[in-house]
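Below is protein.cif, which holds mmCIF, C-alpha atoms and all ligand atoms.
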```
data_upload
#
loop_
_atom_site.label_atom_id
_atom_site.label_comp_id
_atom_site.auth_asym_id
_atom_site.auth_seq_id
_atom_site.Cartn_x
_atom_site.Cartn_y
_atom_site.Cartn_z
CA MET A 1 -25.82 107.92 -107.08
CA ALA A 2 -23.02 105.54 -107.95
CA GLU A 3 -20.65 108.48 -108.35
CA THR A 4 -21.69 109.96 -104.99
CA LEU A 5 -21.17 106.63 -103.25
CA GLY A 6 -17.84 106.07 -104.98
CA VAL A 7 -18.65 102.94 -107.00
CA PRO A 8 -18.97 102.28 -110.74
CA GLU A 9 -22.54 102.13 -112.06
CA SER A 10 -22.23 98.36 -112.20
CA GLY A 11 -21.57 98.39 -108.45
CA LEU A 12 -25.08 99.45 -107.41
CA VAL A 13 -27.95 97.04 -106.78
CA TRP A 14 -31.44 98.47 -106.22
CA THR A 15 -33.69 96.86 -103.66
CA GLY A 16 -37.11 97.52 -102.13
CA SER A 17 -35.75 98.86 -98.81
CA GLY A 18 -32.64 99.27 -96.67
CA THR A 19 -33.68 96.05 -94.95
CA GLU A 20 -33.58 94.14 -98.23
CA ALA A 21 -30.19 95.65 -99.13
CA ILE A 22 -28.89 94.46 -95.74
CA ALA A 23 -30.31 90.96 -96.26
CA LEU A 24 -28.57 90.87 -99.65
CA ALA A 25 -25.30 91.99 -98.05
CA VAL A 26 -25.41 89.46 -95.20
CA LEU A 27 -27.08 86.43 -96.80
CA GLY A 28 -26.01 87.14 -100.39
CA SER A 29 -22.32 87.48 -99.52
CA ALA A 30 -22.44 84.20 -97.57
CA ARG A 31 -24.09 82.49 -100.53
CA ALA A 32 -21.52 83.86 -102.97
CA ALA A 33 -18.67 82.69 -100.73
CA GLU A 34 -20.16 79.23 -100.32
CA ARG A 35 -20.65 78.91 -104.06
CA ARG A 36 -16.97 79.71 -104.60
CA GLY A 37 -16.02 76.93 -102.17
CA ASP A 38 -15.05 79.30 -99.34
CA ARG A 39 -15.31 77.32 -96.09
CA ARG A 40 -15.28 80.27 -93.68
CA ARG A 41 -18.42 80.26 -91.53
CA HIS A 42 -18.00 82.97 -88.90
CA LEU A 43 -19.46 86.48 -88.74
CA VAL A 44 -18.83 89.46 -86.48
CA THR A 45 -21.40 92.15 -85.77
CA SER A 46 -22.31 94.53 -82.94
CA ALA A 47 -25.04 94.46 -80.30
CA VAL A 48 -26.46 97.81 -81.46
CA GLU A 49 -27.07 96.99 -85.12
CA HIS A 50 -30.43 97.60 -86.74
CA SER A 51 -32.77 94.62 -86.27
CA SER A 52 -32.44 93.75 -89.98
CA VAL A 53 -28.67 93.17 -89.61
CA LEU A 54 -29.09 91.12 -86.44
CA ALA A 55 -31.94 89.07 -87.96
CA ALA A 56 -29.94 88.22 -91.10
CA CYS A 57 -26.84 87.24 -89.09
CA GLU A 58 -28.93 85.16 -86.67
CA ARG A 59 -30.53 83.42 -89.62
CA LEU A 60 -27.14 82.27 -90.87
CA ARG A 61 -26.28 81.14 -87.33
CA ASP A 62 -29.55 79.26 -86.78
CA GLU A 63 -30.14 77.84 -90.25
CA ALA A 64 -26.64 77.34 -91.65
CA GLY A 65 -24.49 76.79 -88.54
CA TYR A 66 -22.44 79.97 -88.82
CA GLY A 67 -20.55 81.15 -85.76
CA LEU A 68 -21.67 84.63 -84.72
CA SER A 69 -19.70 86.99 -82.47
CA VAL A 70 -21.66 89.99 -81.24
CA VAL A 71 -19.41 92.76 -79.94
CA GLY A 72 -20.73 95.03 -77.18
CA VAL A 73 -20.59 98.82 -76.85
CA ASP A 74 -19.67 101.35 -74.20
CA ARG A 75 -22.25 103.46 -72.34
CA SER A 76 -22.45 105.94 -75.20
CA GLY A 77 -23.18 103.23 -77.76
CA VAL A 78 -19.75 103.16 -79.45
CA VAL A 79 -18.15 99.92 -80.59
CA ASP A 80 -14.46 99.50 -79.69
CA ALA A 81 -12.58 98.74 -82.93
CA ALA A 82 -10.03 96.68 -80.96
CA GLU A 83 -12.82 94.41 -79.75
CA VAL A 84 -14.02 93.84 -83.29
CA VAL A 85 -10.48 93.03 -84.37
CA ALA A 86 -10.05 90.68 -81.39
CA ALA A 87 -13.23 88.85 -82.44
CA LEU A 88 -11.83 88.07 -85.91
CA ARG A 89 -10.94 84.38 -86.38
CA ASP A 90 -9.28 82.42 -89.14
CA ASP A 91 -12.73 81.39 -90.35
CA THR A 92 -14.30 84.88 -90.24
CA LEU A 93 -16.01 85.62 -93.52
CA ALA A 94 -17.47 89.06 -92.87
CA VAL A 95 -17.98 91.90 -90.41
CA HIS A 96 -21.34 93.67 -90.48
CA LEU A 97 -21.14 97.06 -88.77
CA GLN A 98 -23.29 100.19 -88.91
CA HIS A 99 -21.90 103.64 -89.68
CA ALA A 100 -24.19 105.56 -87.31
CA ASN A 101 -26.50 104.10 -84.72
CA HIS A 102 -30.15 104.71 -85.57
CA GLU A 103 -31.28 105.29 -81.99
CA VAL A 104 -28.55 107.27 -80.26
CA GLY A 105 -26.50 108.55 -83.22
CA ALA A 106 -23.11 107.10 -82.19
CA LEU A 107 -20.68 106.92 -85.13
CA GLN A 108 -18.80 103.64 -85.31
CA PRO A 109 -15.09 103.20 -86.14
CA THR A 110 -15.64 101.57 -89.53
CA HIS A 111 -12.37 102.78 -90.97
CA GLU A 112 -10.24 101.31 -88.19
CA VAL A 113 -12.11 98.03 -88.52
CA SER A 114 -11.67 98.07 -92.29
CA VAL A 115 -7.88 98.18 -92.02
CA ALA A 116 -7.84 94.92 -90.03
CA CYS A 117 -10.46 93.37 -92.32
CA ARG A 118 -8.38 94.12 -95.38
CA GLU A 119 -5.23 92.65 -93.82
CA ARG A 120 -7.13 89.45 -92.96
CA GLY A 121 -9.13 89.15 -96.18
CA VAL A 122 -12.41 89.63 -94.31
CA LEU A 123 -15.34 91.35 -96.03
CA LEU A 124 -16.68 94.53 -94.40
CA HIS A 125 -20.32 95.49 -94.87
CA VAL A 126 -21.29 98.91 -93.49
CA ASP A 127 -24.96 99.67 -92.86
CA ALA A 128 -25.00 103.36 -93.79
CA CYS A 129 -28.80 103.70 -93.89
CA GLN A 130 -28.65 106.52 -91.36
CA THR A 131 -25.82 108.47 -92.95
CA VAL A 132 -25.93 108.35 -96.77
CA GLY A 133 -26.91 111.88 -97.81
CA GLN A 134 -26.54 113.13 -94.23
CA LEU A 135 -22.77 112.89 -93.79
CA GLY A 136 -20.29 113.01 -96.66
CA LEU A 137 -19.19 109.44 -97.29
CA THR A 138 -18.20 107.01 -99.98
CA LEU A 139 -17.49 103.30 -99.96
CA GLY A 140 -13.78 104.22 -99.87
CA THR A 141 -13.92 106.70 -96.97
CA LEU A 142 -15.75 104.14 -94.84
CA GLY A 143 -13.36 101.41 -95.96
CA ALA A 144 -16.33 99.20 -96.84
CA ASP A 145 -16.66 96.40 -99.40
CA LEU A 146 -20.45 96.56 -99.23
CA LEU A 147 -22.53 99.58 -98.22
CA SER A 148 -26.29 99.47 -97.65
CA GLY A 149 -28.56 102.52 -97.79
CA SER A 150 -32.19 103.59 -97.77
CA SER A 151 -33.60 106.46 -99.87
CA ALA A 152 -36.26 107.57 -97.36
CA LYS A 153 -33.51 108.57 -94.93
CA PHE A 154 -32.27 111.41 -97.15
CA GLY A 155 -35.57 112.77 -98.38
CA GLY A 156 -36.18 110.27 -101.18
CA PRO A 157 -39.18 107.96 -101.46
CA ARG A 158 -39.83 104.98 -99.23
CA GLY A 159 -39.44 101.57 -100.79
CA VAL A 160 -36.07 102.26 -102.46
CA GLY A 161 -32.94 100.76 -100.95
CA PHE A 162 -29.56 100.02 -102.46
CA LEU A 163 -26.39 98.06 -101.97
CA ALA A 164 -23.12 99.57 -103.21
CA ILE A 165 -20.54 96.90 -104.01
CA GLY A 166 -16.78 97.48 -104.15
CA ASP A 167 -14.05 95.49 -105.90
CA ARG A 168 -13.85 92.80 -103.22
CA GLY A 169 -17.60 92.52 -102.66
CA ARG A 170 -19.54 89.57 -104.08
CA VAL A 171 -23.22 88.83 -103.51
CA ASP A 172 -25.48 86.14 -104.93
CA ALA A 173 -29.12 87.03 -105.51
CA LEU A 174 -31.69 86.22 -102.85
CA VAL A 175 -34.47 86.67 -105.40
CA ALA A 176 -33.56 84.85 -108.59
CA GLY A 177 -35.39 84.35 -111.87
CA ASP A 178 -34.11 86.81 -114.45
CA GLU A 179 -30.95 88.60 -115.50
CA ARG A 180 -31.81 92.04 -114.18
CA GLN A 181 -29.19 93.93 -112.16
CA ARG A 182 -26.42 91.58 -113.28
CA ARG A 183 -28.30 88.65 -111.76
CA ARG A 184 -27.97 90.11 -108.27
CA ARG A 185 -31.66 90.94 -107.74
CA ALA A 186 -34.33 89.62 -110.05
CA GLY A 187 -37.64 91.41 -110.60
CA MET A 188 -38.61 94.79 -111.93
CA GLU A 189 -36.96 97.78 -110.25
CA ASP A 190 -39.00 100.81 -109.18
CA VAL A 191 -37.58 103.15 -111.82
CA PRO A 192 -39.55 106.30 -110.85
CA GLY A 193 -38.63 105.69 -107.20
CA ILE A 194 -34.97 105.24 -108.09
CA ALA A 195 -34.98 108.44 -110.18
CA ALA A 196 -36.54 110.33 -107.26
CA ALA A 197 -33.96 108.84 -104.87
CA ALA A 198 -31.15 110.02 -107.15
CA VAL A 199 -32.55 113.58 -107.20
CA ALA A 200 -32.98 113.53 -103.42
CA LEU A 201 -29.39 112.37 -102.92
CA THR A 202 -28.06 115.06 -105.25
CA VAL A 203 -29.99 117.74 -103.33
CA ALA A 204 -29.01 116.32 -99.92
CA THR A 205 -25.35 116.11 -100.95
CA SER A 206 -25.30 119.71 -102.24
CA ARG A 207 -26.58 120.97 -98.85
CA LEU A 208 -24.51 118.65 -96.73
CA ASP A 209 -22.02 121.05 -95.19
CA THR A 210 -24.40 123.88 -94.26
CA GLU A 211 -27.09 121.51 -93.03
CA ARG A 212 -24.69 119.46 -90.97
CA SER A 213 -23.43 122.44 -89.01
CA ALA A 214 -26.96 123.85 -88.54
CA ARG A 215 -28.25 120.52 -87.19
CA GLU A 216 -25.17 120.07 -85.05
CA LEU A 217 -25.92 123.43 -83.42
CA VAL A 218 -29.50 122.33 -82.61
CA ARG A 219 -28.24 118.95 -81.33
CA ARG A 220 -25.70 120.54 -78.98
CA HIS A 221 -28.34 123.03 -77.78
CA LEU A 222 -30.79 120.22 -76.99
CA ARG A 223 -28.15 118.15 -75.23
CA ALA A 224 -27.18 121.09 -73.06
CA ARG A 225 -30.73 122.14 -72.19
CA LEU A 226 -32.51 118.81 -71.64
CA PRO A 227 -30.85 117.59 -68.40
CA ALA A 228 -31.16 121.07 -66.88
CA ALA A 229 -34.85 121.37 -67.79
CA VAL A 230 -36.09 117.89 -66.81
CA GLU A 231 -35.11 116.30 -63.51
CA ASP A 232 -33.91 112.68 -63.56
CA LEU A 233 -33.32 112.65 -67.30
CA GLU A 234 -30.40 110.92 -68.98
CA VAL A 235 -29.20 111.95 -72.46
CA HIS A 236 -27.73 109.07 -74.48
CA GLY A 237 -25.02 108.76 -77.11
CA PRO A 238 -21.65 110.50 -77.49
CA LEU A 239 -21.40 114.30 -77.51
CA ALA A 240 -18.79 114.35 -80.29
CA ASP A 241 -18.57 111.95 -83.25
CA ALA A 242 -22.30 111.58 -83.56
CA HIS A 243 -25.01 111.84 -86.19
CA PRO A 244 -26.10 115.51 -86.27
CA GLY A 245 -29.81 114.66 -86.49
CA ILE A 246 -30.30 112.30 -83.53
CA VAL A 247 -30.80 113.02 -79.83
CA ALA A 248 -32.01 110.34 -77.43
CA ALA A 249 -32.96 110.63 -73.78
CA SER A 250 -34.72 108.69 -71.04
CA ALA A 251 -36.68 110.12 -68.14
CA LEU A 252 -37.23 108.25 -64.89
CA TYR A 253 -40.79 107.66 -63.61
CA VAL A 254 -42.56 107.98 -66.97
CA ASP A 255 -43.59 105.49 -69.61
CA GLY A 256 -42.08 106.07 -73.07
CA GLU A 257 -45.28 105.42 -75.01
CA ALA A 258 -47.28 107.68 -72.69
CA LEU A 259 -44.65 110.35 -73.24
CA VAL A 260 -44.91 109.99 -77.02
CA ALA A 261 -48.73 110.34 -76.80
CA GLU A 262 -48.48 113.34 -74.50
CA LEU A 263 -45.99 115.06 -76.82
CA ASP A 264 -48.11 114.16 -79.83
CA SER A 265 -51.06 116.05 -78.37
CA ALA A 266 -48.71 119.01 -77.95
CA GLY A 267 -47.88 118.81 -81.67
CA VAL A 268 -44.45 117.20 -81.27
CA ALA A 269 -43.62 113.91 -83.01
CA VAL A 270 -40.93 111.70 -81.47
CA HIS A 271 -40.22 107.97 -81.24
CA SER A 272 -39.92 105.76 -78.21
CA GLY A 273 -38.46 102.31 -77.63
CA SER A 274 -36.76 100.72 -80.59
CA SER A 275 -37.50 103.10 -83.43
CA CYS A 276 -38.40 100.27 -85.81
CA ALA A 277 -40.31 98.06 -83.34
CA THR A 278 -42.62 100.47 -81.59
CA THR A 279 -45.47 97.97 -81.36
CA SER A 280 -43.57 95.16 -79.61
CA GLY A 281 -43.36 97.03 -76.30
CA ARG A 282 -39.89 95.54 -75.75
CA PRO A 283 -37.18 97.85 -74.47
CA SER A 284 -34.75 98.92 -77.15
CA HIS A 285 -31.93 96.38 -77.59
CA VAL A 286 -29.63 99.32 -78.27
CA LEU A 287 -30.24 100.96 -74.89
CA VAL A 288 -30.03 97.56 -73.17
CA ALA A 289 -26.62 96.93 -74.79
CA MET A 290 -25.45 100.36 -73.63
CA GLY A 291 -26.56 99.60 -70.08
CA VAL A 292 -28.54 102.86 -69.79
CA LEU A 293 -32.06 103.63 -68.63
CA THR A 294 -34.55 102.13 -71.12
CA HIS A 295 -37.68 103.47 -69.45
CA GLY A 296 -39.31 106.75 -70.54
CA HIS A 297 -37.19 106.88 -73.66
CA VAL A 298 -37.62 109.33 -76.53
CA ARG A 299 -35.68 109.61 -79.78
CA ILE A 300 -35.70 113.08 -81.27
CA GLY A 301 -34.98 113.54 -84.97
CA ILE A 302 -33.51 116.91 -85.98
CA GLY A 303 -34.44 117.75 -89.55
CA PRO A 304 -32.78 120.21 -91.90
CA ASP A 305 -35.48 122.83 -91.20
CA HIS A 306 -35.33 122.71 -87.40
CA ASP A 307 -33.67 125.55 -85.54
CA VAL A 308 -32.83 126.48 -81.95
CA THR A 309 -36.31 127.97 -81.43
CA ASP A 310 -37.86 124.61 -82.33
CA ALA A 311 -35.45 122.95 -79.91
CA ASP A 312 -36.58 125.33 -77.13
CA ARG A 313 -40.23 124.61 -77.93
CA PHE A 314 -39.45 120.91 -77.70
CA VAL A 315 -37.72 121.26 -74.34
CA ASP A 316 -40.73 123.20 -72.98
CA ALA A 317 -43.16 120.58 -74.34
CA LEU A 318 -41.11 117.74 -72.85
CA THR A 319 -40.83 119.48 -69.47
CA ASP A 320 -44.63 119.92 -69.37
CA ALA A 321 -45.34 116.38 -70.58
CA VAL A 322 -43.00 114.75 -68.06
CA GLY A 323 -44.40 116.94 -65.29
CA ARG A 324 -48.00 116.01 -66.15
CA LEU A 325 -47.23 112.28 -66.38
CA ARG A 326 -45.29 112.22 -63.13
CA ALA A 327 -48.07 114.11 -61.35
CA HIS A 328 -50.67 111.78 -62.83
CA THR A 329 -48.96 108.53 -61.84
CA GLY A 330 -48.20 109.92 -58.40
CA LEU A 331 -44.58 108.88 -58.79
CA ARG A 332 -42.53 111.41 -56.97
CA ARG A 333 -39.23 112.69 -58.08
CA ARG A 334 -36.23 111.52 -56.09
CA PRO A 335 -36.02 113.49 -52.84
CA ALA A 336 -33.28 116.10 -52.80
CA PRO A 337 -30.38 115.21 -50.44
CA GLN A 338 -31.52 117.65 -47.72
CA GLU A 339 -35.01 116.06 -47.73
CA THR A 340 -33.59 112.63 -46.91
CA ALA A 341 -31.65 113.87 -43.91
C1 LIG A 401 -29.38 101.86 -89.37
C2 LIG A 401 -30.55 101.35 -90.18
N1 LIG A 401 -30.38 100.26 -90.93
C3 LIG A 401 -31.39 99.77 -91.67
C4 LIG A 401 -32.63 100.35 -91.71
C5 LIG A 401 -33.71 99.75 -92.56
O1 LIG A 401 -34.05 100.56 -93.64
P1 LIG A 401 -35.51 100.44 -94.31
O2 LIG A 401 -36.47 101.06 -93.35
O3 LIG A 401 -35.39 101.17 -95.62
O4 LIG A 401 -35.78 99.00 -94.51
C6 LIG A 401 -32.85 101.48 -90.92
C7 LIG A 401 -34.17 102.09 -90.88
O5 LIG A 401 -34.57 102.74 -89.94
C8 LIG A 401 -31.79 102.00 -90.14
O6 LIG A 401 -31.95 103.08 -89.38
#
```
Can the structure from this file be put into structure tokens for me?
Amino acid sequence: MAETLGVPESGLVWTGSGTEAIALAVLGSARAAERRGDRRRHLVTSAVEHSSVLAACERLRDEAGYGLSVVGVDRSGVVDAAEVVAALRDDTLAVHLQHANHEVGALQPTHEVSVACRERGVLLHVDACQTVGQLGLTLGTLGADLLSGSSAKFGGPRGVGFLAIGDRGRVDALVAGDERQRRRRAGMEDVPGIAAAAVALTVATSRLDTERSARELVRRHLRARLPAAVEDLEVHGPLADAHPGIVAASALYVDGEALVAELDSAGVAVHSGSSCATTSGRPSHVLVAMGVLTHGHVRIGIGPDHDVTDADRFVDALTDAVGRLRAHTGLRRRPAPQETA
């Protein structure tokens, strides 16, 4: 795995999840800097990060007095690298930026950001949980000093995360107590889980090119068909420069959770709302930051085995489900222009 991610074996720390790897990157790098007498206390992140990145950054802000600049995104969910660079200050310690957005698939300009970070001596942590094993990448190609990942996202077991650490990256353990993993994470590692993750990454990496183009075909097909099939539906995220396995859309006049249930009974599994906070009922912070419709939202994951026929089945199921829900709630579609005259 270290070879695939472009770090020496000593540069990998195993954790119990992507979330824990992210906490180690954000909190552990701050701790390491403080211990070395570094007085910089400012962080930059984006408004569309995974909740684990935002929570760790907010913790440093609220509990340790760090300044936190949260950069916004455009309507397709993309961060402007120039805005990140403009947010850098003399006391900026680190930038925490995702590679691909987990809800709408937008790829972020990590490399452009990394150039400015390097010039200014600022650490760059890239949350690559969505893309390790799905897009060809290494620490070097992303320009990252720290790279967090999660095994379940590329077909490995749940409960195995990792942080890849480059030459400039330093983290102090959040869980201390023994000398395991070069004192960067105490406690016994899940060795069978890690072995399974390594096999899964090898398999995913060997299929990368063919799978990427096959999924990209399905993604483009879905994006073209959805707005034509369902009235008052908005597809989110950029058309190009996007994760090949993510399509997100919102439909007016329907509730997202009701839509998920309706699709579930038709044998289709999708997410709604924030993909990792489905029980809170809050609208997704990602869609809010993008300024798009948050209501009636579904996130569709395209797996390596899905094809265009599956995509067509999905479009039919969604068209039926939206139709049934709109008929049930009595909410009418927007009148056509000639009807308003
Ligand atoms: C972009 C991103 N970061 C972090 C995580 C957290 O990973 P884990 O579920 O392994 O804690 C996820 C999980 O969905 C994610 O999509």
Would you give me, as CSV, each residue of chain A having an atom within 10 Å of an atom of ligand LIG 401 (chain A), along with its shortest atom pair and that distance in Å to one decimal, using all atoms listed in the file and sorting by chain and residue number?
```
residue,atom,partner,partner_atom,distance
A:Thr15,CA,A:LIG401,O3,9.3
A:Gly16,CA,A:LIG401,O3,7.7
A:Ser17,CA,A:LIG401,O3,4.0
A:Gly18,CA,A:LIG401,O3,3.5
A:Thr19,CA,A:LIG401,O4,3.6
A:Glu20,CA,A:LIG401,O4,6.5
A:Ala21,CA,A:LIG401,O4,8.0
A:Ile22,CA,A:LIG401,C3,7.1
A:Ala23,CA,A:LIG401,O4,9.9
A:Val48,CA,A:LIG401,C1,9.4
A:Glu49,CA,A:LIG401,C1,6.9
A:His50,CA,A:LIG401,N1,5.0
A:Ser51,CA,A:LIG401,C3,7.6
A:Ser52,CA,A:LIG401,C3,6.3
A:Val53,CA,A:LIG401,N1,7.4
A:Leu97,CA,A:LIG401,C1,9.6
A:Gln98,CA,A:LIG401,C1,6.3
A:His99,CA,A:LIG401,C1,7.7
A:Ala100,CA,A:LIG401,C1,6.7
A:Asn101,CA,A:LIG401,C1,5.9
A:His102,CA,A:LIG401,O6,4.5
A:Glu103,CA,A:LIG401,O6,7.7
A:Gly105,CA,A:LIG401,C1,9.5
A:Val126,CA,A:LIG401,N1,9.5
A:Asp127,CA,A:LIG401,N1,5.8
A:Ala128,CA,A:LIG401,C1,6.4
A:Cys129,CA,A:LIG401,C2,4.7
A:Gln130,CA,A:LIG401,C1,5.1
A:Thr131,CA,A:LIG401,C1,8.3
A:Ser148,CA,A:LIG401,C3,7.9
A:Gly149,CA,A:LIG401,O1,7.2
A:Ser150,CA,A:LIG401,O3,4.6
A:Ser151,CA,A:LIG401,O3,7.0
A:Ala152,CA,A:LIG401,O3,6.7
A:Lys153,CA,A:LIG401,O3,7.7
A:Pro157,CA,A:LIG401,O3,9.7
A:Arg158,CA,A:LIG401,O3,6.9
A:Gly159,CA,A:LIG401,O3,6.6
A:Val160,CA,A:LIG401,O3,7.0
A:Gly161,CA,A:LIG401,O3,5.9
A:Phe162,CA,A:LIG401,O3,9.1
A:Ser274,CA,A:LIG401,O5,9.8
A:Ser275,CA,A:LIG401,O5,7.1
A:Cys276,CA,A:LIG401,O5,6.2
A:Ala277,CA,A:LIG401,O5,9.9
```
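Restricting the calculation to all atoms listed in the file, the smallest distance between Ala25 (chain A) and any of A:Gly133, A:Gly166, A:Gly187, A:Pro227 is found for A:Gly166.
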If I take CA of Met290 (chain A) and CA of Gly77 (chain A), how far is one from the other in Å, to one decimal?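 Between CA of Met290 (chain A) and CA of Gly77 (chain A) the gap works out to 5.5 Å.
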Counting all atoms listed in the file, find the residues whose atoms lie at most 10 Å from (-9.7, 92.2, -95.5) (file coordinates) and write them out as a CSV table (one decimal) with C-alpha atoms, in the coordinates of the input.
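Output contents, as saved in out24.csv:
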```
chain,number,residue,atom,x,y,z
A,93,LEU,CA,-16.0,85.6,-93.5
A,94,ALA,CA,-17.5,89.1,-92.9
A,95,VAL,CA,-18.0,91.9,-90.4
A,113,VAL,CA,-12.1,98.0,-88.5
A,114,SER,CA,-11.7,98.1,-92.3
A,115,VAL,CA,-7.9,98.2,-92.0
A,116,ALA,CA,-7.8,94.9,-90.0
A,117,CYS,CA,-10.5,93.4,-92.3
A,118,ARG,CA,-8.4,94.1,-95.4
A,119,GLU,CA,-5.2,92.6,-93.8
A,120,ARG,CA,-7.1,89.4,-93.0
A,121,GLY,CA,-9.1,89.2,-96.2
A,122,VAL,CA,-12.4,89.6,-94.3
A,123,LEU,CA,-15.3,91.4,-96.0
A,124,LEU,CA,-16.7,94.5,-94.4
A,143,GLY,CA,-13.4,101.4,-96.0
A,144,ALA,CA,-16.3,99.2,-96.8
A,145,ASP,CA,-16.7,96.4,-99.4
A,168,ARG,CA,-13.8,92.8,-103.2
```
Quick one: residues within 12 Å of Arg75 (chain A), only C-alpha atoms counted, chain neighbours fewer than 2 positions away excluded, as a PyMOL selection string? chain A and resi 48+72-73+77-80+104+106+234-238+286-293
Can you measure CA of Thr210 (chain A) to CA of Leu142 (chain A) for me? One decimal in Å is fine.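 CA of Leu142 (chain A) lies at a distance of 21.6 Å from CA of Thr210 (chain A).
Atom pair CA of Asp172 (chain A) / CA of Arg36 (chain A): separated by 10.7 Å.
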Write out as an MDAnalysis selection string the residues lying within 6 Å of Val171 (chain A), counting only C-alpha atoms and excluding same-chain residues fewer than 6 positions away. chainID A and resid 28:29 32
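Using all atoms listed in the file, the shortest contact distance between Ala261 (chain A) and any of A:Ala317, A:Val71, A:Ala64, A:Ala200 is found at A:Ala317.
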Since the input lacks some atoms of region 55-68 of chain A, please model N, CA, C and O atoms and print them as a compact mmCIF listing (two decimals), in the frame of the given file.
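part-v6.txt, written as the output of this step:
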```txt
# COMPACT_ATOMS: atom_id res chain seq x y z
N ALA A 55 -31.08 90.18 -87.50
CA ALA A 55 -31.94 89.07 -87.96
C ALA A 55 -31.25 88.26 -89.06
O ALA A 55 -31.30 87.03 -89.06
N ALA A 56 -30.59 88.94 -90.00
CA ALA A 56 -29.94 88.22 -91.10
C ALA A 56 -28.76 87.40 -90.58
O ALA A 56 -28.56 86.24 -90.98
N CYS A 57 -27.98 87.98 -89.65
CA CYS A 57 -26.84 87.24 -89.09
C CYS A 57 -27.34 86.04 -88.28
O CYS A 57 -26.78 84.94 -88.36
N GLU A 58 -28.40 86.26 -87.49
CA GLU A 58 -28.93 85.16 -86.67
C GLU A 58 -29.50 84.05 -87.55
O GLU A 58 -29.45 82.87 -87.20
N ARG A 59 -30.01 84.43 -88.70
CA ARG A 59 -30.53 83.42 -89.62
C ARG A 59 -29.41 82.50 -90.10
O ARG A 59 -29.56 81.29 -90.14
N LEU A 60 -28.27 83.10 -90.44
CA LEU A 60 -27.14 82.27 -90.87
C LEU A 60 -26.65 81.39 -89.72
O LEU A 60 -26.26 80.24 -89.91
N ARG A 61 -26.68 81.94 -88.50
CA ARG A 61 -26.28 81.14 -87.33
C ARG A 61 -27.25 79.97 -87.12
O ARG A 61 -26.84 78.82 -87.00
N ASP A 62 -28.56 80.26 -87.14
CA ASP A 62 -29.55 79.26 -86.78
C ASP A 62 -29.82 78.26 -87.90
O ASP A 62 -30.10 77.10 -87.65
N GLU A 63 -29.75 78.73 -89.15
CA GLU A 63 -30.14 77.84 -90.25
C GLU A 63 -28.95 77.24 -90.99
O GLU A 63 -29.10 76.25 -91.68
N ALA A 64 -27.77 77.85 -90.87
CA ALA A 64 -26.64 77.34 -91.65
C ALA A 64 -25.41 77.06 -90.78
O ALA A 64 -24.34 76.79 -91.31
N GLY A 65 -25.58 77.16 -89.46
CA GLY A 65 -24.49 76.79 -88.54
C GLY A 65 -23.32 77.75 -88.50
O GLY A 65 -22.23 77.38 -88.08
N TYR A 66 -23.53 78.99 -88.90
CA TYR A 66 -22.44 79.97 -88.82
C TYR A 66 -22.15 80.33 -87.37
O TYR A 66 -23.07 80.39 -86.55
N GLY A 67 -20.88 80.58 -87.05
CA GLY A 67 -20.55 81.15 -85.76
C GLY A 67 -20.84 82.64 -85.82
O GLY A 67 -20.65 83.26 -86.87
N LEU A 68 -21.34 83.20 -84.72
CA LEU A 68 -21.67 84.63 -84.72
C LEU A 68 -21.12 85.27 -83.46
O LEU A 68 -21.49 84.89 -82.36
```
